[in-house]
$ cat query.pdb   # PDB, C-alpha atoms
MODEL        1
ATOM      1  CA  MET A 248      11.191  14.320 -14.933
ATOM      2  CA  VAL A 249      10.666  16.756 -12.058
ATOM      3  CA  ASN A 250      12.681  19.932 -12.309
ATOM      4  CA  ARG A 251      12.122  23.395 -10.861
ATOM      5  CA  ARG A 252      10.200  24.663 -13.889
ATOM      6  CA  ASN A 253       7.844  21.634 -13.984
ATOM      7  CA  PHE A 254       7.305  21.907 -10.241
ATOM      8  CA  LEU A 255       6.365  25.596 -10.576
ATOM      9  CA  ILE A 256       4.001  24.889 -13.462
ATOM     10  CA  PHE A 257       2.381  22.076 -11.433
ATOM     11  CA  GLY A 258       1.960  24.454  -8.487
ATOM     12  CA  GLY A 259       0.280  27.024 -10.742
ATOM     13  CA  THR A 260      -2.072  24.331 -12.049
ATOM     14  CA  LEU A 261      -3.010  23.352  -8.488
ATOM     15  CA  SER A 262      -3.698  27.012  -7.698
ATOM     16  CA  ALA A 263      -6.026  27.285 -10.700
ATOM     17  CA  ILE A 264      -7.898  24.115  -9.660
ATOM     18  CA  ALA A 265      -8.261  25.367  -6.091
ATOM     19  CA  LEU A 266      -9.608  28.708  -7.333
ATOM     20  CA  ALA A 267     -12.101  27.013  -9.659
ATOM     21  CA  LYS A 268     -13.427  24.934  -6.777
ATOM     22  CA  GLY A 269     -13.623  27.962  -4.503
ATOM     23  CA  LEU A 270     -10.968  26.658  -2.119
ATOM     24  CA  PRO A 271      -8.979  29.215  -0.130
ATOM     25  CA  LEU A 272      -5.352  29.537  -1.202
ATOM     26  CA  SER A 273      -3.973  31.271   1.883
ATOM     27  CA  ALA A 274      -4.811  32.747   5.228
ATOM     28  CA  ARG A 275      -5.664  36.273   3.973
ATOM     29  CA  ALA A 276      -9.331  36.120   4.989
ATOM     30  CA  ALA A 277      -8.531  34.598   8.369
ATOM     31  CA  SER A 278      -5.583  36.909   9.096
ATOM     32  CA  GLY A 279      -7.673  39.945  10.016
ATOM     33  CA  GLU A 280      -5.195  42.266   8.287
ATOM     34  CA  THR A 281      -6.368  45.754   7.413
ATOM     35  CA  PHE A 282      -5.012  47.925   4.619
ATOM     36  CA  GLU A 283      -4.894  51.632   3.787
ATOM     37  CA  VAL A 284      -6.684  51.066   0.446
ATOM     38  CA  THR A 285      -9.880  49.043   0.698
ATOM     39  CA  LYS A 286     -12.601  48.485  -1.868
ATOM     40  CA  THR A 287     -15.638  46.301  -2.207
ATOM     41  CA  ASP A 288     -15.390  43.234  -4.386
ATOM     42  CA  ALA A 289     -17.454  45.033  -7.038
ATOM     43  CA  GLU A 290     -15.117  48.051  -6.948
ATOM     44  CA  TRP A 291     -12.043  45.813  -7.403
ATOM     45  CA  ARG A 292     -13.715  44.022 -10.325
ATOM     46  CA  ALA A 293     -14.501  47.378 -11.944
ATOM     47  CA  ILE A 294     -10.900  48.643 -11.901
ATOM     48  CA  LEU A 295      -8.977  45.410 -12.562
ATOM     49  CA  THR A 296      -8.876  43.113 -15.572
ATOM     50  CA  ASP A 297     -10.176  39.585 -14.977
ATOM     51  CA  GLN A 298      -6.593  38.299 -14.800
ATOM     52  CA  GLN A 299      -5.501  41.038 -12.376
ATOM     53  CA  TYR A 300      -8.543  40.428 -10.187
ATOM     54  CA  ARG A 301      -7.910  36.665 -10.072
ATOM     55  CA  ILE A 302      -4.282  37.207  -9.030
ATOM     56  CA  LEU A 303      -4.482  40.270  -6.778
ATOM     57  CA  ARG A 304      -7.780  39.606  -5.016
ATOM     58  CA  ARG A 305      -8.133  35.802  -5.235
ATOM     59  CA  GLU A 306      -4.446  34.923  -4.854
ATOM     60  CA  GLY A 307      -4.175  33.173  -8.187
ATOM     61  CA  THR A 308      -1.106  32.835 -10.358
ATOM     62  CA  GLU A 309      -0.418  33.359 -14.024
ATOM     63  CA  ARG A 310       1.043  30.696 -16.265
ATOM     64  CA  PRO A 311       4.818  31.068 -16.548
ATOM     65  CA  PHE A 312       6.188  33.088 -19.472
ATOM     66  CA  THR A 313       2.814  34.820 -20.103
ATOM     67  CA  SER A 314       3.535  38.289 -18.700
ATOM     68  CA  ALA A 315       5.285  40.871 -20.864
ATOM     69  CA  LEU A 316       6.886  42.209 -17.676
ATOM     70  CA  ASN A 317       8.966  39.041 -17.438
ATOM     71  CA  ASN A 318      11.014  40.452 -20.344
ATOM     72  CA  GLU A 319      10.921  44.117 -19.263
ATOM     73  CA  LYS A 320      14.511  45.435 -19.311
ATOM     74  CA  ARG A 321      14.079  49.215 -19.090
ATOM     75  CA  LYS A 322      14.926  51.265 -16.006
ATOM     76  CA  GLY A 323      11.893  52.145 -13.959
ATOM     77  CA  THR A 324       9.535  51.129 -11.204
ATOM     78  CA  PHE A 325       7.104  48.239 -10.915
ATOM     79  CA  GLN A 326       3.892  49.235  -9.140
ATOM     80  CA  CYS A 327       0.992  47.289  -7.664
ATOM     81  CA  ALA A 328      -1.685  47.053 -10.374
ATOM     82  CA  GLY A 329      -4.355  47.492  -7.699
ATOM     83  CA  CYS A 330      -3.286  50.739  -6.051
ATOM     84  CA  ALA A 331      -0.139  51.982  -7.898
ATOM     85  CA  LEU A 332       2.145  51.659  -4.853
ATOM     86  CA  PRO A 333       5.761  51.342  -6.045
ATOM     87  CA  VAL A 334       6.831  47.843  -4.943
ATOM     88  CA  TYR A 335       9.960  46.928  -6.976
ATOM     89  CA  SER A 336      12.765  48.750  -8.760
ATOM     90  CA  SER A 337      14.165  47.590 -12.079
ATOM     91  CA  GLU A 338      17.565  47.727 -10.348
ATOM     92  CA  ALA A 339      16.605  44.620  -8.310
ATOM     93  CA  LYS A 340      15.092  42.670 -11.232
ATOM     94  CA  TYR A 341      16.853  39.632 -12.666
ATOM     95  CA  ASP A 342      16.093  36.656 -14.896
ATOM     96  CA  SER A 343      15.470  33.653 -12.651
ATOM     97  CA  GLY A 344      14.509  31.407 -15.575
ATOM     98  CA  THR A 345      11.204  30.520 -13.885
ATOM     99  CA  GLY A 346       8.920  32.445 -16.247
ATOM    100  CA  TRP A 347       7.829  35.072 -13.718
ATOM    101  CA  PRO A 348       9.347  38.510 -13.070
ATOM    102  CA  SER A 349      11.870  38.043 -10.265
ATOM    103  CA  PHE A 350      13.496  40.526  -7.914
ATOM    104  CA  TRP A 351      16.109  40.149  -5.179
ATOM    105  CA  GLN A 352      14.435  42.766  -2.963
ATOM    106  CA  SER A 353      11.376  44.989  -2.790
ATOM    107  CA  LEU A 354      11.291  48.736  -2.323
ATOM    108  CA  PRO A 355      11.101  49.898   1.309
ATOM    109  CA  GLY A 356       7.484  49.809   2.489
ATOM    110  CA  GLY A 357       6.333  48.126  -0.721
ATOM    111  CA  VAL A 358       5.445  44.611   0.306
ATOM    112  CA  ALA A 359       4.317  42.749   3.393
ATOM    113  CA  THR A 360       4.524  39.015   3.924
ATOM    114  CA  ARG A 361       2.662  36.181   5.603
ATOM    115  CA  GLU A 362       3.061  32.437   5.858
ATOM    116  CA  ASP A 363       1.242  30.520   3.123
ATOM    117  CA  THR A 364       0.573  26.854   3.861
ATOM    118  CA  SER A 365      -1.511  26.135   0.765
ATOM    119  CA  LEU A 366      -0.638  23.473  -1.803
ATOM    120  CA  PHE A 367       0.779  21.118   0.842
ATOM    121  CA  MET A 368       3.861  23.249   1.536
ATOM    122  CA  THR A 369       4.941  26.292   3.529
ATOM    123  CA  ARG A 370       5.962  29.376   1.563
ATOM    124  CA  THR A 371       6.321  33.090   2.186
ATOM    125  CA  GLU A 372       3.545  34.943   0.378
ATOM    126  CA  CYS A 373       4.076  38.614  -0.432
ATOM    127  CA  HIS A 374       1.391  41.197  -1.013
ATOM    128  CA  CYS A 375       1.074  44.914  -1.525
ATOM    129  CA  HIS A 376       1.564  46.720   1.766
ATOM    130  CA  ARG A 377      -1.082  49.338   0.899
ATOM    131  CA  CYS A 378      -3.996  47.327  -0.606
ATOM    132  CA  GLY A 379      -3.187  43.719   0.298
ATOM    133  CA  GLY A 380      -3.127  42.593  -3.329
ATOM    134  CA  HIS A 381      -1.383  39.233  -3.773
ATOM    135  CA  LEU A 382       1.871  39.645  -5.680
ATOM    136  CA  GLY A 383       3.610  36.267  -5.412
ATOM    137  CA  HIS A 384       6.010  34.391  -3.150
ATOM    138  CA  ILE A 385       9.528  34.838  -1.775
ATOM    139  CA  PHE A 386      12.055  32.002  -1.890
ATOM    140  CA  ASP A 387      15.578  31.565  -0.503
ATOM    141  CA  ASP A 388      17.241  30.695  -3.829
ATOM    142  CA  GLY A 389      17.933  34.165  -5.193
ATOM    143  CA  PRO A 390      21.157  35.986  -6.036
ATOM    144  CA  PRO A 391      23.362  38.128  -3.781
ATOM    145  CA  PRO A 392      23.177  40.387  -1.960
ATOM    146  CA  THR A 393      19.941  39.127  -0.333
ATOM    147  CA  GLY A 394      19.781  35.502  -1.518
ATOM    148  CA  LYS A 395      16.027  36.027  -1.995
ATOM    149  CA  ARG A 396      13.883  35.476  -5.078
ATOM    150  CA  HIS A 397      10.662  37.470  -5.107
ATOM    151  CA  CYS A 398       8.741  35.441  -7.704
ATOM    152  CA  ILE A 399       6.034  37.903  -8.759
ATOM    153  CA  ASN A 400       2.999  37.630 -11.016
ATOM    154  CA  GLY A 401       3.575  40.125 -13.819
ATOM    155  CA  PHE A 402      -0.167  40.770 -14.142
ATOM    156  CA  ALA A 403      -0.152  41.988 -10.522
ATOM    157  CA  LEU A 404       2.176  44.808 -11.569
ATOM    158  CA  THR A 405       2.321  47.801 -13.853
ATOM    159  CA  PHE A 406       5.609  49.255 -15.101
ATOM    160  CA  VAL A 407       6.486  52.945 -15.067
ATOM    161  CA  PRO A 408       9.643  53.725 -17.103
ATOM    162  CA  ALA A 409      12.180  56.089 -15.562
ATOM    163  CA  SER A 410      12.122  59.650 -16.864
ATOM    164  CA  ALA A 411      14.796  60.329 -19.440
TER     165      ALA A 411
ENDMDL
END

$ encode --input "query.pdb" --output "structure tokens"
Amino acid sequence: MVNRRNFLIFGGTLSAIALAKGLPLSARAASGETFEVTKTDAEWRAILTDQQYRILRREGTERPFTSALNNEKRKGTFQCAGCALPVYSSEAKYDSGTGWPSFWQSLPGGVATREDTSLFMTRTECHCHRCGGHLGHIFDDGPPPTGKRHCINGFALTFVPASA
């Protein structure tokens, strides 16, 4: 039976296969975008875990329900794991039931988007505005007030709790 969760898991599996075969997942390399924070591939590998590197720099995805940030309920800020730019507030986080941290909006200046036509579909990819690290995708099935669902890889983020 095909439901939203199975479809998302299938999409993550296709992403992993494409990465293993060295296939490009989006138009990042061809886009010519430049970012405030740039590092060599070796520098990114030195500061990121293998999982963070695969997601942020190679546009991979984590398996659903594997990130501790999916269950993070405290007040605070979610930052890009690559450059520490604040990208999401806990105030915009909600449980979408998909297995990935979901938000109905990003912080101002936090994310940028581009069209992603990988995996035989067109989606809106979102990435860190400062370093270009891949965060996830934005869909039109989220809650009010925006109706958007920012479906974000938890391993692409770090969480900073609000000061007491």

$ resolve_selection --input "query.pdb" --expression "the PyMOL selection byres ((chain A and resi 304) around 12)" --output "NGL selection string"
:A and (266 or 271-273 or 275-276 or 285-292 or 294-303 or 305-308 or 327-329 or 374-375 or 378-383 or 402-403)

$ resolve_selection --input "query.pdb" --expression "the PyMOL selection byres ((chain A and resi 311) around 7)" --output "ChimeraX atom specification"
/A:256,309-310,312-313,345-347

$ write_last_selection --input "query.pdb" --atoms "C-alpha atoms" --output "short mmCIF file (atom, residue, chain, number, x, y, z; two decimals), in the frame of the given file"
data_model
loop_
_atom_site.label_atom_id
_atom_site.label_comp_id
_atom_site.auth_asym_id
_atom_site.auth_seq_id
_atom_site.Cartn_x
_atom_site.Cartn_y
_atom_site.Cartn_z
CA ILE A 256 4.00 24.89 -13.46
CA GLU A 309 -0.42 33.36 -14.02
CA ARG A 310 1.04 30.70 -16.26
CA PHE A 312 6.19 33.09 -19.47
CA THR A 313 2.81 34.82 -20.10
CA THR A 345 11.20 30.52 -13.88
CA GLY A 346 8.92 32.44 -16.25
CA TRP A 347 7.83 35.07 -13.72
#

$ residues_around --input "query.pdb" --residues "segment 332-336 of chain A" --least-positions-apart "4" --cutoff "9 Å" --atoms "all atoms listed in the file" --output "ChimeraX atom specification"
/A:322-328,340,350,352-358,375-378,404

$ write_last_selection --input "query.pdb" --atoms "C-alpha atoms" --output "PDB file, keeping the file's coordinate frame"
ATOM      1  CA  LYS A 322      14.926  51.265 -16.006  1.00  0.00           C
ATOM      2  CA  GLY A 323      11.893  52.145 -13.959  1.00  0.00           C
ATOM      3  CA  THR A 324       9.535  51.129 -11.204  1.00  0.00           C
ATOM      4  CA  PHE A 325       7.104  48.239 -10.915  1.00  0.00           C
ATOM      5  CA  GLN A 326       3.892  49.235  -9.140  1.00  0.00           C
ATOM      6  CA  CYS A 327       0.992  47.289  -7.664  1.00  0.00           C
ATOM      7  CA  ALA A 328      -1.685  47.053 -10.374  1.00  0.00           C
ATOM      8  CA  LYS A 340      15.092  42.670 -11.232  1.00  0.00           C
ATOM      9  CA  PHE A 350      13.496  40.526  -7.914  1.00  0.00           C
ATOM     10  CA  GLN A 352      14.435  42.766  -2.963  1.00  0.00           C
ATOM     11  CA  SER A 353      11.376  44.989  -2.790  1.00  0.00           C
ATOM     12  CA  LEU A 354      11.291  48.736  -2.323  1.00  0.00           C
ATOM     13  CA  PRO A 355      11.101  49.898   1.309  1.00  0.00           C
ATOM     14  CA  GLY A 356       7.484  49.809   2.489  1.00  0.00           C
ATOM     15  CA  GLY A 357       6.333  48.126  -0.721  1.00  0.00           C
ATOM     16  CA  VAL A 358       5.445  44.611   0.306  1.00  0.00           C
ATOM     17  CA  CYS A 375       1.074  44.914  -1.525  1.00  0.00           C
ATOM     18  CA  HIS A 376       1.564  46.720   1.766  1.00  0.00           C
ATOM     19  CA  ARG A 377      -1.082  49.338   0.899  1.00  0.00           C
ATOM     20  CA  CYS A 378      -3.996  47.327  -0.606  1.00  0.00           C
ATOM     21  CA  LEU A 404       2.176  44.808 -11.569  1.00  0.00           C
TER      22      LEU A 404
END

$ atom_distance --input "query.pdb" --atom1 "atom CA of Ser349 of chain A" --atom2 "atom CA of His397 of chain A"
5.3 Å

$ atom_distance --input "query.pdb" --atom1 "atom CA of Leu316 of chain A" --atom2 "atom CA of Pro348 of chain A"
6.4 Å

$ closest_residue --input "query.pdb" --among "A:Ser337, A:Thr364, A:Ser343, A:Thr369" --to "Arg396 of chain A" --atoms "only C-alpha atoms"
A:Ser343

$ atom_distance --input "query.pdb" --atom1 "atom CA of Ser314 of chain A" --atom2 "atom CA of Ile399 of chain A"
10.3 Å

$ closest_residue --input "query.pdb" --among "A:Thr371, A:Cys330, A:Glu338, A:Glu319" --to "Lys395 of chain A" --atoms "only C-alpha atoms"
A:Thr371

$ decode --input "query.pdb" --residues "segment 369-381 of chain A" --atoms "all heavy atoms" --output "CSV table (one decimal), in the first residue's frame"
chain,number,residue,atom,x,y,z
A,369,THR,N,9.3,17.2,-9.3
A,369,THR,CA,9.8,18.6,-9.0
A,369,THR,C,9.4,19.0,-7.6
A,369,THR,O,8.3,18.8,-7.2
A,369,THR,CB,9.1,19.6,-10.0
A,369,THR,OG1,9.5,19.2,-11.3
A,369,THR,CG2,9.6,21.0,-9.7
A,370,ARG,N,10.5,19.4,-6.8
A,370,ARG,CA,10.3,19.8,-5.4
A,370,ARG,C,11.0,21.1,-5.2
A,370,ARG,O,11.8,21.5,-6.0
A,370,ARG,CB,10.8,18.7,-4.5
A,370,ARG,CG,10.2,17.4,-4.6
A,370,ARG,CD,10.9,16.3,-3.8
A,370,ARG,NE,12.2,16.0,-4.2
A,370,ARG,CZ,13.1,15.3,-3.6
A,370,ARG,NH1,12.8,14.7,-2.4
A,370,ARG,NH2,14.3,15.0,-4.1
A,371,THR,N,10.7,21.7,-4.0
A,371,THR,CA,11.5,22.9,-3.6
A,371,THR,C,12.5,22.5,-2.6
A,371,THR,O,12.1,22.1,-1.5
A,371,THR,CB,10.5,24.0,-3.1
A,371,THR,OG1,9.6,24.3,-4.1
A,371,THR,CG2,11.3,25.2,-2.6
A,372,GLU,N,13.8,22.5,-3.0
A,372,GLU,CA,14.9,22.2,-2.1
A,372,GLU,C,15.2,23.4,-1.3
A,372,GLU,O,15.1,24.6,-1.8
A,372,GLU,CB,16.1,21.8,-2.9
A,372,GLU,CG,17.3,21.3,-2.1
A,372,GLU,CD,18.3,22.3,-1.8
A,372,GLU,OE1,18.2,23.4,-2.3
A,372,GLU,OE2,19.2,22.0,-1.0
A,373,CYS,N,15.5,23.3,0.0
A,373,CYS,CA,16.0,24.4,0.8
A,373,CYS,C,17.4,24.1,1.4
A,373,CYS,O,17.7,23.0,1.7
A,373,CYS,CB,15.0,24.8,1.9
A,373,CYS,SG,14.7,23.5,3.2
A,374,HIS,N,18.1,25.2,1.5
A,374,HIS,CA,19.5,25.1,1.9
A,374,HIS,C,19.9,26.3,2.8
A,374,HIS,O,19.2,27.3,2.7
A,374,HIS,CB,20.5,24.9,0.7
A,374,HIS,CG,20.3,26.0,-0.3
A,374,HIS,ND1,19.4,25.9,-1.3
A,374,HIS,CD2,21.0,27.2,-0.4
A,374,HIS,CE1,19.5,27.0,-2.1
A,374,HIS,NE2,20.5,27.8,-1.6
A,375,CYS,N,20.9,26.1,3.5
A,375,CYS,CA,21.4,27.2,4.4
A,375,CYS,C,21.8,28.4,3.5
A,375,CYS,O,22.5,28.3,2.5
A,375,CYS,CB,22.6,26.8,5.2
A,375,CYS,SG,23.4,28.1,6.1
A,376,HIS,N,21.3,29.6,3.8
A,376,HIS,CA,21.5,30.8,3.1
A,376,HIS,C,23.0,31.2,3.1
A,376,HIS,O,23.6,31.7,2.2
A,376,HIS,CB,20.7,31.9,3.6
A,376,HIS,CG,20.8,33.2,2.8
A,376,HIS,ND1,21.6,34.2,3.2
A,376,HIS,CD2,20.2,33.6,1.7
A,376,HIS,CE1,21.5,35.2,2.3
A,376,HIS,NE2,20.6,34.8,1.4
A,377,ARG,N,23.7,30.8,4.2
A,377,ARG,CA,25.1,31.3,4.4
A,377,ARG,C,26.1,30.3,3.8
A,377,ARG,O,27.1,30.8,3.2
A,377,ARG,CB,25.4,31.5,5.9
A,377,ARG,CG,26.8,32.1,6.1
A,377,ARG,CD,27.0,32.7,7.5
A,377,ARG,NE,26.6,31.9,8.6
A,377,ARG,CZ,26.5,32.3,9.8
A,377,ARG,NH1,26.6,33.6,10.1
A,377,ARG,NH2,26.2,31.5,10.8
A,378,CYS,N,25.9,29.0,4.0
A,378,CYS,CA,27.0,28.1,3.5
A,378,CYS,C,26.5,27.1,2.4
A,378,CYS,O,27.3,26.4,1.8
A,378,CYS,CB,27.5,27.2,4.6
A,378,CYS,SG,26.4,25.9,5.2
A,379,GLY,N,25.2,27.2,2.0
A,379,GLY,CA,24.7,26.3,1.0
A,379,GLY,C,24.4,24.9,1.4
A,379,GLY,O,24.0,24.1,0.5
A,380,GLY,N,24.5,24.6,2.6
A,380,GLY,CA,24.3,23.2,3.1
A,380,GLY,C,22.9,22.8,2.9
A,380,GLY,O,21.9,23.5,3.2
A,381,HIS,N,22.7,21.6,2.3
A,381,HIS,CA,21.3,21.1,2.0
A,381,HIS,C,20.6,20.8,3.3
A,381,HIS,O,21.2,20.1,4.2
A,381,HIS,CB,21.5,19.8,1.2
A,381,HIS,CG,20.2,19.0,1.0
A,381,HIS,ND1,19.2,19.5,0.2
A,381,HIS,CD2,19.7,17.9,1.6
A,381,HIS,CE1,18.2,18.6,0.3
A,381,HIS,NE2,18.5,17.7,1.1
